[in-house]
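Structure file work_30.txt with compact mmCIF, N, CA and C atoms:
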```
# COMPACT_ATOMS: atom_id res chain seq x y z
N MET A 1240 -194.73 -55.41 -25.60
CA MET A 1240 -194.59 -54.12 -24.96
C MET A 1240 -193.49 -54.24 -23.89
N SER A 1241 -192.52 -53.34 -23.98
CA SER A 1241 -191.45 -53.40 -22.99
C SER A 1241 -191.74 -52.40 -21.88
N GLY A 1242 -191.03 -52.55 -20.80
CA GLY A 1242 -191.23 -51.65 -19.67
C GLY A 1242 -191.30 -52.43 -18.39
N ASN A 1243 -191.82 -51.81 -17.39
CA ASN A 1243 -191.89 -52.43 -16.08
C ASN A 1243 -193.02 -53.44 -15.96
N ASN A 1244 -193.95 -53.43 -16.90
CA ASN A 1244 -195.10 -54.32 -16.82
C ASN A 1244 -194.72 -55.80 -16.95
N ASN A 1245 -193.67 -56.10 -17.70
CA ASN A 1245 -193.32 -57.50 -17.94
C ASN A 1245 -192.19 -57.99 -17.03
N LEU A 1246 -191.78 -57.21 -16.03
CA LEU A 1246 -190.72 -57.62 -15.12
C LEU A 1246 -191.31 -58.33 -13.91
N THR A 1247 -190.65 -59.40 -13.53
CA THR A 1247 -191.09 -60.10 -12.31
C THR A 1247 -189.94 -60.04 -11.31
N PRO A 1248 -190.21 -59.59 -10.11
CA PRO A 1248 -189.13 -59.45 -9.13
C PRO A 1248 -188.69 -60.81 -8.59
N PHE A 1249 -187.42 -60.87 -8.19
CA PHE A 1249 -186.94 -62.07 -7.52
C PHE A 1249 -187.60 -62.15 -6.16
N THR A 1250 -188.07 -63.31 -5.84
CA THR A 1250 -188.59 -63.51 -4.49
C THR A 1250 -187.54 -64.27 -3.71
N PRO A 1251 -187.43 -64.02 -2.43
CA PRO A 1251 -186.44 -64.76 -1.64
C PRO A 1251 -186.68 -66.26 -1.81
N GLY A 1252 -185.63 -66.96 -2.04
CA GLY A 1252 -185.77 -68.40 -2.21
C GLY A 1252 -184.61 -68.97 -3.00
N GLU A 1253 -184.81 -70.17 -3.44
CA GLU A 1253 -183.75 -70.93 -4.10
C GLU A 1253 -183.32 -70.29 -5.42
N ARG A 1254 -184.26 -69.80 -6.23
CA ARG A 1254 -183.92 -69.22 -7.54
C ARG A 1254 -183.05 -67.96 -7.36
N ALA A 1255 -183.41 -67.09 -6.45
CA ALA A 1255 -182.63 -65.88 -6.19
C ALA A 1255 -181.24 -66.23 -5.69
N LYS A 1256 -181.16 -67.23 -4.86
CA LYS A 1256 -179.88 -67.67 -4.30
C LYS A 1256 -178.97 -68.20 -5.42
N LYS A 1257 -179.55 -69.00 -6.33
CA LYS A 1257 -178.77 -69.55 -7.45
C LYS A 1257 -178.26 -68.44 -8.37
N CYS A 1258 -179.14 -67.49 -8.68
CA CYS A 1258 -178.74 -66.40 -9.57
C CYS A 1258 -177.68 -65.52 -8.92
N GLY A 1259 -177.83 -65.25 -7.64
CA GLY A 1259 -176.83 -64.47 -6.92
C GLY A 1259 -175.48 -65.16 -6.89
N LYS A 1260 -175.50 -66.45 -6.69
CA LYS A 1260 -174.26 -67.22 -6.66
C LYS A 1260 -173.59 -67.20 -8.04
N LYS A 1261 -174.41 -67.37 -9.07
CA LYS A 1261 -173.90 -67.38 -10.44
C LYS A 1261 -173.27 -66.02 -10.78
N GLY A 1262 -173.94 -64.93 -10.37
CA GLY A 1262 -173.41 -63.59 -10.60
C GLY A 1262 -172.11 -63.36 -9.86
N GLY A 1263 -172.02 -63.83 -8.63
CA GLY A 1263 -170.80 -63.69 -7.84
C GLY A 1263 -169.64 -64.45 -8.45
N GLU A 1264 -169.93 -65.64 -8.98
CA GLU A 1264 -168.87 -66.43 -9.63
C GLU A 1264 -168.35 -65.72 -10.87
N LYS A 1265 -169.27 -65.16 -11.67
CA LYS A 1265 -168.87 -64.45 -12.89
C LYS A 1265 -168.07 -63.19 -12.54
N SER A 1266 -168.48 -62.49 -11.49
CA SER A 1266 -167.77 -61.30 -11.05
C SER A 1266 -166.35 -61.66 -10.62
N GLY A 1267 -166.20 -62.72 -9.86
CA GLY A 1267 -164.88 -63.18 -9.43
C GLY A 1267 -164.02 -63.59 -10.61
N GLU A 1268 -164.64 -64.24 -11.58
CA GLU A 1268 -163.92 -64.66 -12.78
C GLU A 1268 -163.41 -63.43 -13.55
N ALA A 1269 -164.25 -62.42 -13.69
CA ALA A 1269 -163.84 -61.20 -14.39
C ALA A 1269 -162.71 -60.49 -13.64
N ARG A 1270 -162.79 -60.45 -12.31
CA ARG A 1270 -161.71 -59.83 -11.51
C ARG A 1270 -160.40 -60.59 -11.69
N ARG A 1271 -160.47 -61.91 -11.69
CA ARG A 1271 -159.24 -62.71 -11.87
C ARG A 1271 -158.65 -62.48 -13.26
N GLU A 1272 -159.50 -62.36 -14.27
CA GLU A 1272 -159.00 -62.10 -15.63
C GLU A 1272 -158.32 -60.74 -15.72
N ARG A 1273 -158.93 -59.71 -15.11
CA ARG A 1273 -158.32 -58.37 -15.12
C ARG A 1273 -156.98 -58.37 -14.38
N LYS A 1274 -156.91 -59.08 -13.25
CA LYS A 1274 -155.67 -59.16 -12.49
C LYS A 1274 -154.59 -59.86 -13.31
N ALA A 1275 -154.96 -60.95 -13.98
CA ALA A 1275 -154.00 -61.67 -14.81
C ALA A 1275 -153.48 -60.77 -15.94
N LEU A 1276 -154.37 -59.97 -16.53
CA LEU A 1276 -153.97 -59.06 -17.59
C LEU A 1276 -153.03 -57.98 -17.05
N ARG A 1277 -153.35 -57.40 -15.88
CA ARG A 1277 -152.48 -56.40 -15.27
C ARG A 1277 -151.10 -56.99 -14.98
N ASP A 1278 -151.07 -58.21 -14.44
CA ASP A 1278 -149.79 -58.87 -14.14
C ASP A 1278 -148.99 -59.11 -15.41
N GLU A 1279 -149.67 -59.53 -16.47
CA GLU A 1279 -149.00 -59.79 -17.74
C GLU A 1279 -148.42 -58.51 -18.33
N ILE A 1280 -149.18 -57.42 -18.26
CA ILE A 1280 -148.69 -56.14 -18.77
C ILE A 1280 -147.49 -55.68 -17.95
N ALA A 1281 -147.56 -55.82 -16.62
CA ALA A 1281 -146.44 -55.43 -15.75
C ALA A 1281 -145.19 -56.24 -16.10
N GLU A 1282 -145.37 -57.53 -16.36
CA GLU A 1282 -144.23 -58.37 -16.72
C GLU A 1282 -143.63 -57.94 -18.05
N ILE A 1283 -144.48 -57.65 -19.02
CA ILE A 1283 -143.99 -57.21 -20.34
C ILE A 1283 -143.24 -55.89 -20.21
N LEU A 1284 -143.81 -54.94 -19.45
CA LEU A 1284 -143.16 -53.64 -19.30
C LEU A 1284 -141.84 -53.72 -18.54
N SER A 1285 -141.68 -54.75 -17.71
CA SER A 1285 -140.43 -54.88 -16.95
C SER A 1285 -139.38 -55.69 -17.71
N THR A 1286 -139.71 -56.12 -18.92
CA THR A 1286 -138.76 -56.87 -19.74
C THR A 1286 -137.55 -56.00 -20.07
N SER A 1287 -136.38 -56.56 -19.89
CA SER A 1287 -135.15 -55.83 -20.16
C SER A 1287 -134.80 -55.91 -21.64
N VAL A 1288 -134.35 -54.77 -22.18
CA VAL A 1288 -134.02 -54.69 -23.60
C VAL A 1288 -132.58 -54.22 -23.73
N SER A 1289 -131.83 -54.84 -24.62
CA SER A 1289 -130.47 -54.41 -24.92
C SER A 1289 -130.25 -54.55 -26.41
N GLY A 1290 -129.37 -53.72 -26.94
CA GLY A 1290 -129.04 -53.80 -28.36
C GLY A 1290 -129.60 -52.62 -29.13
N MET A 1291 -129.71 -52.79 -30.43
CA MET A 1291 -130.22 -51.74 -31.31
C MET A 1291 -131.73 -51.85 -31.39
N ILE A 1292 -132.40 -50.74 -31.14
CA ILE A 1292 -133.86 -50.71 -31.23
C ILE A 1292 -134.29 -49.42 -31.92
N CYS A 1293 -135.54 -49.38 -32.34
CA CYS A 1293 -136.11 -48.19 -32.96
C CYS A 1293 -137.12 -47.57 -32.00
N VAL A 1294 -136.89 -46.31 -31.63
CA VAL A 1294 -137.80 -45.57 -30.76
C VAL A 1294 -138.17 -44.29 -31.49
N ASN A 1295 -139.46 -44.09 -31.73
CA ASN A 1295 -139.95 -42.91 -32.46
C ASN A 1295 -139.24 -42.73 -33.80
N GLY A 1296 -138.99 -43.83 -34.48
CA GLY A 1296 -138.36 -43.78 -35.79
C GLY A 1296 -136.87 -43.53 -35.76
N LYS A 1297 -136.26 -43.56 -34.59
CA LYS A 1297 -134.82 -43.33 -34.46
C LYS A 1297 -134.17 -44.61 -33.95
N ILE A 1298 -133.05 -44.98 -34.59
CA ILE A 1298 -132.31 -46.16 -34.15
C ILE A 1298 -131.45 -45.77 -32.96
N ARG A 1299 -131.51 -46.57 -31.92
CA ARG A 1299 -130.73 -46.32 -30.70
C ARG A 1299 -130.09 -47.60 -30.23
N GLU A 1300 -128.99 -47.41 -29.53
CA GLU A 1300 -128.38 -48.54 -28.84
C GLU A 1300 -128.70 -48.37 -27.36
N VAL A 1301 -129.31 -49.39 -26.79
CA VAL A 1301 -129.65 -49.31 -25.37
C VAL A 1301 -129.04 -50.50 -24.65
N ASN A 1302 -128.77 -50.29 -23.40
CA ASN A 1302 -128.19 -51.33 -22.55
C ASN A 1302 -129.09 -51.53 -21.34
N ASN A 1303 -129.68 -52.68 -21.24
CA ASN A 1303 -130.42 -53.07 -20.05
C ASN A 1303 -131.48 -52.04 -19.62
N ARG A 1304 -132.33 -51.65 -20.53
CA ARG A 1304 -133.45 -50.75 -20.24
C ARG A 1304 -134.73 -51.56 -20.29
N THR A 1305 -135.74 -51.17 -19.49
CA THR A 1305 -137.02 -51.87 -19.55
C THR A 1305 -137.89 -51.20 -20.62
N LEU A 1306 -138.89 -51.95 -21.07
CA LEU A 1306 -139.82 -51.39 -22.04
C LEU A 1306 -140.56 -50.19 -21.44
N GLN A 1307 -140.79 -50.23 -20.15
CA GLN A 1307 -141.46 -49.10 -19.49
C GLN A 1307 -140.58 -47.85 -19.58
N ASN A 1308 -139.27 -47.99 -19.32
CA ASN A 1308 -138.35 -46.85 -19.45
C ASN A 1308 -138.40 -46.28 -20.87
N LEU A 1309 -138.36 -47.18 -21.85
CA LEU A 1309 -138.35 -46.73 -23.24
C LEU A 1309 -139.67 -46.07 -23.62
N GLY A 1310 -140.77 -46.55 -23.06
CA GLY A 1310 -142.06 -45.93 -23.33
C GLY A 1310 -142.14 -44.52 -22.79
N VAL A 1311 -141.64 -44.33 -21.58
CA VAL A 1311 -141.64 -42.99 -20.97
C VAL A 1311 -140.73 -42.07 -21.78
N LEU A 1312 -139.55 -42.56 -22.15
CA LEU A 1312 -138.62 -41.76 -22.94
C LEU A 1312 -139.26 -41.36 -24.27
N SER A 1313 -139.93 -42.29 -24.91
CA SER A 1313 -140.60 -42.03 -26.18
C SER A 1313 -141.69 -40.97 -26.02
N THR A 1314 -142.44 -41.04 -24.94
CA THR A 1314 -143.51 -40.07 -24.69
C THR A 1314 -142.94 -38.68 -24.46
N VAL A 1315 -141.86 -38.59 -23.68
CA VAL A 1315 -141.24 -37.29 -23.43
C VAL A 1315 -140.68 -36.71 -24.74
N GLU A 1316 -140.03 -37.55 -25.54
CA GLU A 1316 -139.51 -37.08 -26.83
C GLU A 1316 -140.64 -36.60 -27.73
N ASN A 1317 -141.76 -37.31 -27.72
CA ASN A 1317 -142.91 -36.90 -28.52
C ASN A 1317 -143.37 -35.51 -28.10
N TRP A 1318 -143.42 -35.27 -26.81
CA TRP A 1318 -143.85 -33.97 -26.31
C TRP A 1318 -142.87 -32.87 -26.73
N ILE A 1319 -141.57 -33.15 -26.61
CA ILE A 1319 -140.55 -32.16 -26.96
C ILE A 1319 -140.59 -31.83 -28.45
N GLU A 1320 -140.71 -32.87 -29.29
CA GLU A 1320 -140.65 -32.67 -30.73
C GLU A 1320 -141.93 -32.06 -31.30
N THR A 1321 -143.08 -32.47 -30.77
CA THR A 1321 -144.34 -32.03 -31.37
C THR A 1321 -145.07 -30.99 -30.55
N GLY A 1322 -144.68 -30.84 -29.30
CA GLY A 1322 -145.40 -29.92 -28.43
C GLY A 1322 -146.74 -30.48 -27.97
N ASN A 1323 -146.94 -31.77 -28.15
CA ASN A 1323 -148.19 -32.42 -27.76
C ASN A 1323 -148.25 -32.50 -26.23
N HIS A 1324 -149.00 -31.58 -25.62
CA HIS A 1324 -149.06 -31.53 -24.16
C HIS A 1324 -149.76 -32.74 -23.55
N LYS A 1325 -150.56 -33.45 -24.32
CA LYS A 1325 -151.24 -34.63 -23.78
C LYS A 1325 -150.25 -35.73 -23.43
N ALA A 1326 -149.14 -35.80 -24.15
CA ALA A 1326 -148.14 -36.83 -23.89
C ALA A 1326 -147.54 -36.65 -22.50
N ILE A 1327 -147.09 -35.44 -22.19
CA ILE A 1327 -146.46 -35.22 -20.88
C ILE A 1327 -147.51 -35.23 -19.78
N ARG A 1328 -148.71 -34.82 -20.08
CA ARG A 1328 -149.78 -34.84 -19.08
C ARG A 1328 -150.08 -36.28 -18.66
N THR A 1329 -150.04 -37.18 -19.63
CA THR A 1329 -150.27 -38.59 -19.33
C THR A 1329 -149.23 -39.10 -18.33
N ILE A 1330 -147.98 -38.78 -18.57
CA ILE A 1330 -146.92 -39.21 -17.65
C ILE A 1330 -147.12 -38.56 -16.28
N ALA A 1331 -147.47 -37.28 -16.26
CA ALA A 1331 -147.66 -36.58 -15.00
C ALA A 1331 -148.80 -37.20 -14.19
N GLU A 1332 -149.87 -37.60 -14.86
CA GLU A 1332 -150.99 -38.23 -14.16
C GLU A 1332 -150.61 -39.62 -13.65
N ILE A 1333 -149.87 -40.37 -14.45
CA ILE A 1333 -149.48 -41.72 -14.05
C ILE A 1333 -148.55 -41.68 -12.84
N THR A 1334 -147.62 -40.73 -12.85
CA THR A 1334 -146.66 -40.65 -11.75
C THR A 1334 -147.25 -39.98 -10.51
N GLY A 1335 -148.43 -39.41 -10.64
CA GLY A 1335 -149.06 -38.77 -9.50
C GLY A 1335 -148.63 -37.33 -9.31
N GLU A 1336 -147.83 -36.79 -10.24
CA GLU A 1336 -147.40 -35.41 -10.16
C GLU A 1336 -148.54 -34.45 -10.46
N LEU A 1337 -149.49 -34.91 -11.24
CA LEU A 1337 -150.60 -34.05 -11.65
C LEU A 1337 -151.88 -34.85 -11.54
N LYS A 1338 -152.71 -34.48 -10.60
CA LYS A 1338 -153.98 -35.17 -10.41
C LYS A 1338 -155.09 -34.29 -10.99
N PRO A 1339 -156.10 -34.89 -11.60
CA PRO A 1339 -157.15 -34.08 -12.22
C PRO A 1339 -157.75 -33.03 -11.29
N LYS A 1340 -158.02 -33.35 -10.03
CA LYS A 1340 -158.60 -32.37 -9.11
C LYS A 1340 -157.59 -31.28 -8.77
N GLU A 1341 -156.32 -31.67 -8.61
CA GLU A 1341 -155.28 -30.68 -8.32
C GLU A 1341 -155.10 -29.73 -9.48
N GLU A 1342 -155.23 -30.27 -10.69
CA GLU A 1342 -155.00 -29.46 -11.88
C GLU A 1342 -155.97 -28.28 -11.93
N GLU A 1343 -157.21 -28.52 -11.55
CA GLU A 1343 -158.20 -27.44 -11.56
C GLU A 1343 -157.83 -26.37 -10.55
N GLN A 1344 -157.24 -26.76 -9.42
CA GLN A 1344 -156.92 -25.81 -8.35
C GLN A 1344 -155.59 -25.11 -8.59
N ASN A 1345 -154.64 -25.81 -9.22
CA ASN A 1345 -153.31 -25.22 -9.43
C ASN A 1345 -153.36 -24.09 -10.44
N SER A 1346 -152.49 -23.12 -10.23
CA SER A 1346 -152.36 -22.06 -11.22
C SER A 1346 -151.59 -22.60 -12.41
N GLU A 1347 -151.62 -21.87 -13.49
CA GLU A 1347 -150.91 -22.28 -14.71
C GLU A 1347 -149.42 -22.42 -14.43
N SER A 1348 -148.84 -21.51 -13.66
CA SER A 1348 -147.40 -21.58 -13.38
C SER A 1348 -147.04 -22.83 -12.57
N GLN A 1349 -147.91 -23.24 -11.67
CA GLN A 1349 -147.64 -24.45 -10.89
C GLN A 1349 -147.68 -25.68 -11.78
N ARG A 1350 -148.61 -25.73 -12.72
CA ARG A 1350 -148.68 -26.86 -13.64
C ARG A 1350 -147.43 -26.93 -14.50
N VAL A 1351 -146.99 -25.78 -14.97
CA VAL A 1351 -145.77 -25.74 -15.78
C VAL A 1351 -144.58 -26.22 -14.95
N GLU A 1352 -144.49 -25.79 -13.70
CA GLU A 1352 -143.40 -26.22 -12.81
C GLU A 1352 -143.42 -27.72 -12.61
N ASN A 1353 -144.61 -28.31 -12.42
CA ASN A 1353 -144.71 -29.77 -12.27
C ASN A 1353 -144.17 -30.48 -13.51
N ILE A 1354 -144.50 -29.97 -14.67
CA ILE A 1354 -144.05 -30.59 -15.92
C ILE A 1354 -142.53 -30.44 -16.06
N LEU A 1355 -141.99 -29.28 -15.71
CA LEU A 1355 -140.54 -29.08 -15.81
C LEU A 1355 -139.79 -30.02 -14.87
N VAL A 1356 -140.33 -30.25 -13.69
CA VAL A 1356 -139.71 -31.20 -12.76
C VAL A 1356 -139.67 -32.59 -13.39
N LEU A 1357 -140.76 -32.99 -14.03
CA LEU A 1357 -140.78 -34.29 -14.70
C LEU A 1357 -139.74 -34.38 -15.80
N ILE A 1358 -139.61 -33.31 -16.58
CA ILE A 1358 -138.65 -33.31 -17.68
C ILE A 1358 -137.23 -33.41 -17.14
N ARG A 1359 -136.94 -32.63 -16.09
CA ARG A 1359 -135.60 -32.70 -15.49
C ARG A 1359 -135.29 -34.10 -14.98
N THR A 1360 -136.27 -34.71 -14.34
CA THR A 1360 -136.09 -36.07 -13.81
C THR A 1360 -135.84 -37.05 -14.95
N ALA A 1361 -136.61 -36.91 -16.04
CA ALA A 1361 -136.44 -37.80 -17.19
C ALA A 1361 -135.06 -37.59 -17.83
N ALA A 1362 -134.61 -36.35 -17.91
CA ALA A 1362 -133.30 -36.06 -18.49
C ALA A 1362 -132.19 -36.65 -17.64
N GLU A 1363 -132.31 -36.51 -16.32
CA GLU A 1363 -131.30 -37.09 -15.41
C GLU A 1363 -131.27 -38.60 -15.54
N THR A 1364 -132.44 -39.21 -15.65
CA THR A 1364 -132.52 -40.66 -15.79
C THR A 1364 -131.89 -41.10 -17.10
N ALA A 1365 -132.12 -40.33 -18.17
CA ALA A 1365 -131.54 -40.66 -19.49
C ALA A 1365 -130.04 -40.55 -19.46
N GLU A 1366 -129.49 -39.56 -18.72
CA GLU A 1366 -128.04 -39.40 -18.63
C GLU A 1366 -127.41 -40.57 -17.87
N ASP A 1367 -128.13 -41.09 -16.89
CA ASP A 1367 -127.63 -42.21 -16.10
C ASP A 1367 -128.03 -43.55 -16.73
N GLY A 1368 -128.42 -43.54 -18.00
CA GLY A 1368 -129.08 -44.65 -18.63
C GLY A 1368 -128.25 -45.83 -19.06
N ASN A 1369 -127.22 -46.19 -18.35
CA ASN A 1369 -126.48 -47.42 -18.63
C ASN A 1369 -125.96 -47.49 -20.05
N GLY A 1370 -125.36 -46.41 -20.55
CA GLY A 1370 -124.71 -46.47 -21.85
C GLY A 1370 -125.60 -46.15 -23.01
N ASP A 1371 -126.76 -45.54 -22.83
CA ASP A 1371 -127.61 -45.16 -23.97
C ASP A 1371 -126.89 -44.12 -24.79
N LYS A 1372 -127.14 -44.16 -26.09
CA LYS A 1372 -126.55 -43.16 -26.99
C LYS A 1372 -127.64 -42.34 -27.61
```
Any chance you could give the structure as structure tokens?
Amino acid sequence: MSGNNNLTPFTPGERAKKCGKKGGEKSGEARRERKALRDEIAEILSTSVSGMICVNGKIREVNNRTLQNLGVLSTVENWIETGNHKAIRTIAEITGELKPKEEEQNSESQRVENILVLIRTAAETAEDGNGDK
């Protein structure tokens, strides 16, 4: 029979102390693993790319762009070509231009303006893109 009848509480003492220590060590280990993963992802995204690459099925020549730049460009292109509003919303949330709580309070026109600002910024960045074609 399961339930509260078969549970025994920890009593203050050596056993509780050992279990607490063991839990703290595991928690620290998990935090270190997550930090290592975040650092690894940041390093990969900051990798510089040059030469011919394929982005959204299109061959492009890029000069000294990071994978993060190319990912943002790909997401914006996806939104423009397909009208998938989730793509641009993702970028807006990541950049802090659109926060979930703000979105509920903002009028539709304000949300559209936020997205247009992002698109203009992305277009300007693409124009200054170190020789992209």
Could you pull out all residues of chain A with a DSSP call of alpha helix (DSSP H) and give them as a count of residues only? 85
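Separating atom C of Leu1355 (chain A) from atom N of Thr1305 (chain A) is a distance of 22.0 Å.
Of the listed residues A:Val1294, A:Leu1284, A:Ala1331, A:Gly1267, the one whose atoms come nearest to Asn1308 (chain A) is A:Leu1284, with distances taken using only N, CA and C atoms.
Excluding region 1326-1330 of chain A itself and any same-chain residue fewer than 2 positions from it, the protein and nucleic acid residues within 8 Å of it, counting all atoms listed in the file, are Val1311, Ser1313, Thr1314, Val1315, Asn1317, Trp1318, Ile1319, Gly1322, Asn1323, His1324, Glu1332, Ile1333, Thr1334, Gly1335, Glu1336, Leu1337, Ile1354 and Leu1357 of chain A.
Of the listed residues A:Arg1277, A:Glu1316, A:Thr1247, A:Arg1270, the one whose atoms come nearest to Asn1295 (chain A) is A:Glu1316, with distances taken using all atoms listed in the file.
Here CA of Thr1321 (chain A) is placed at a distance of 13.9 Å from CA of Gly1296 (chain A).
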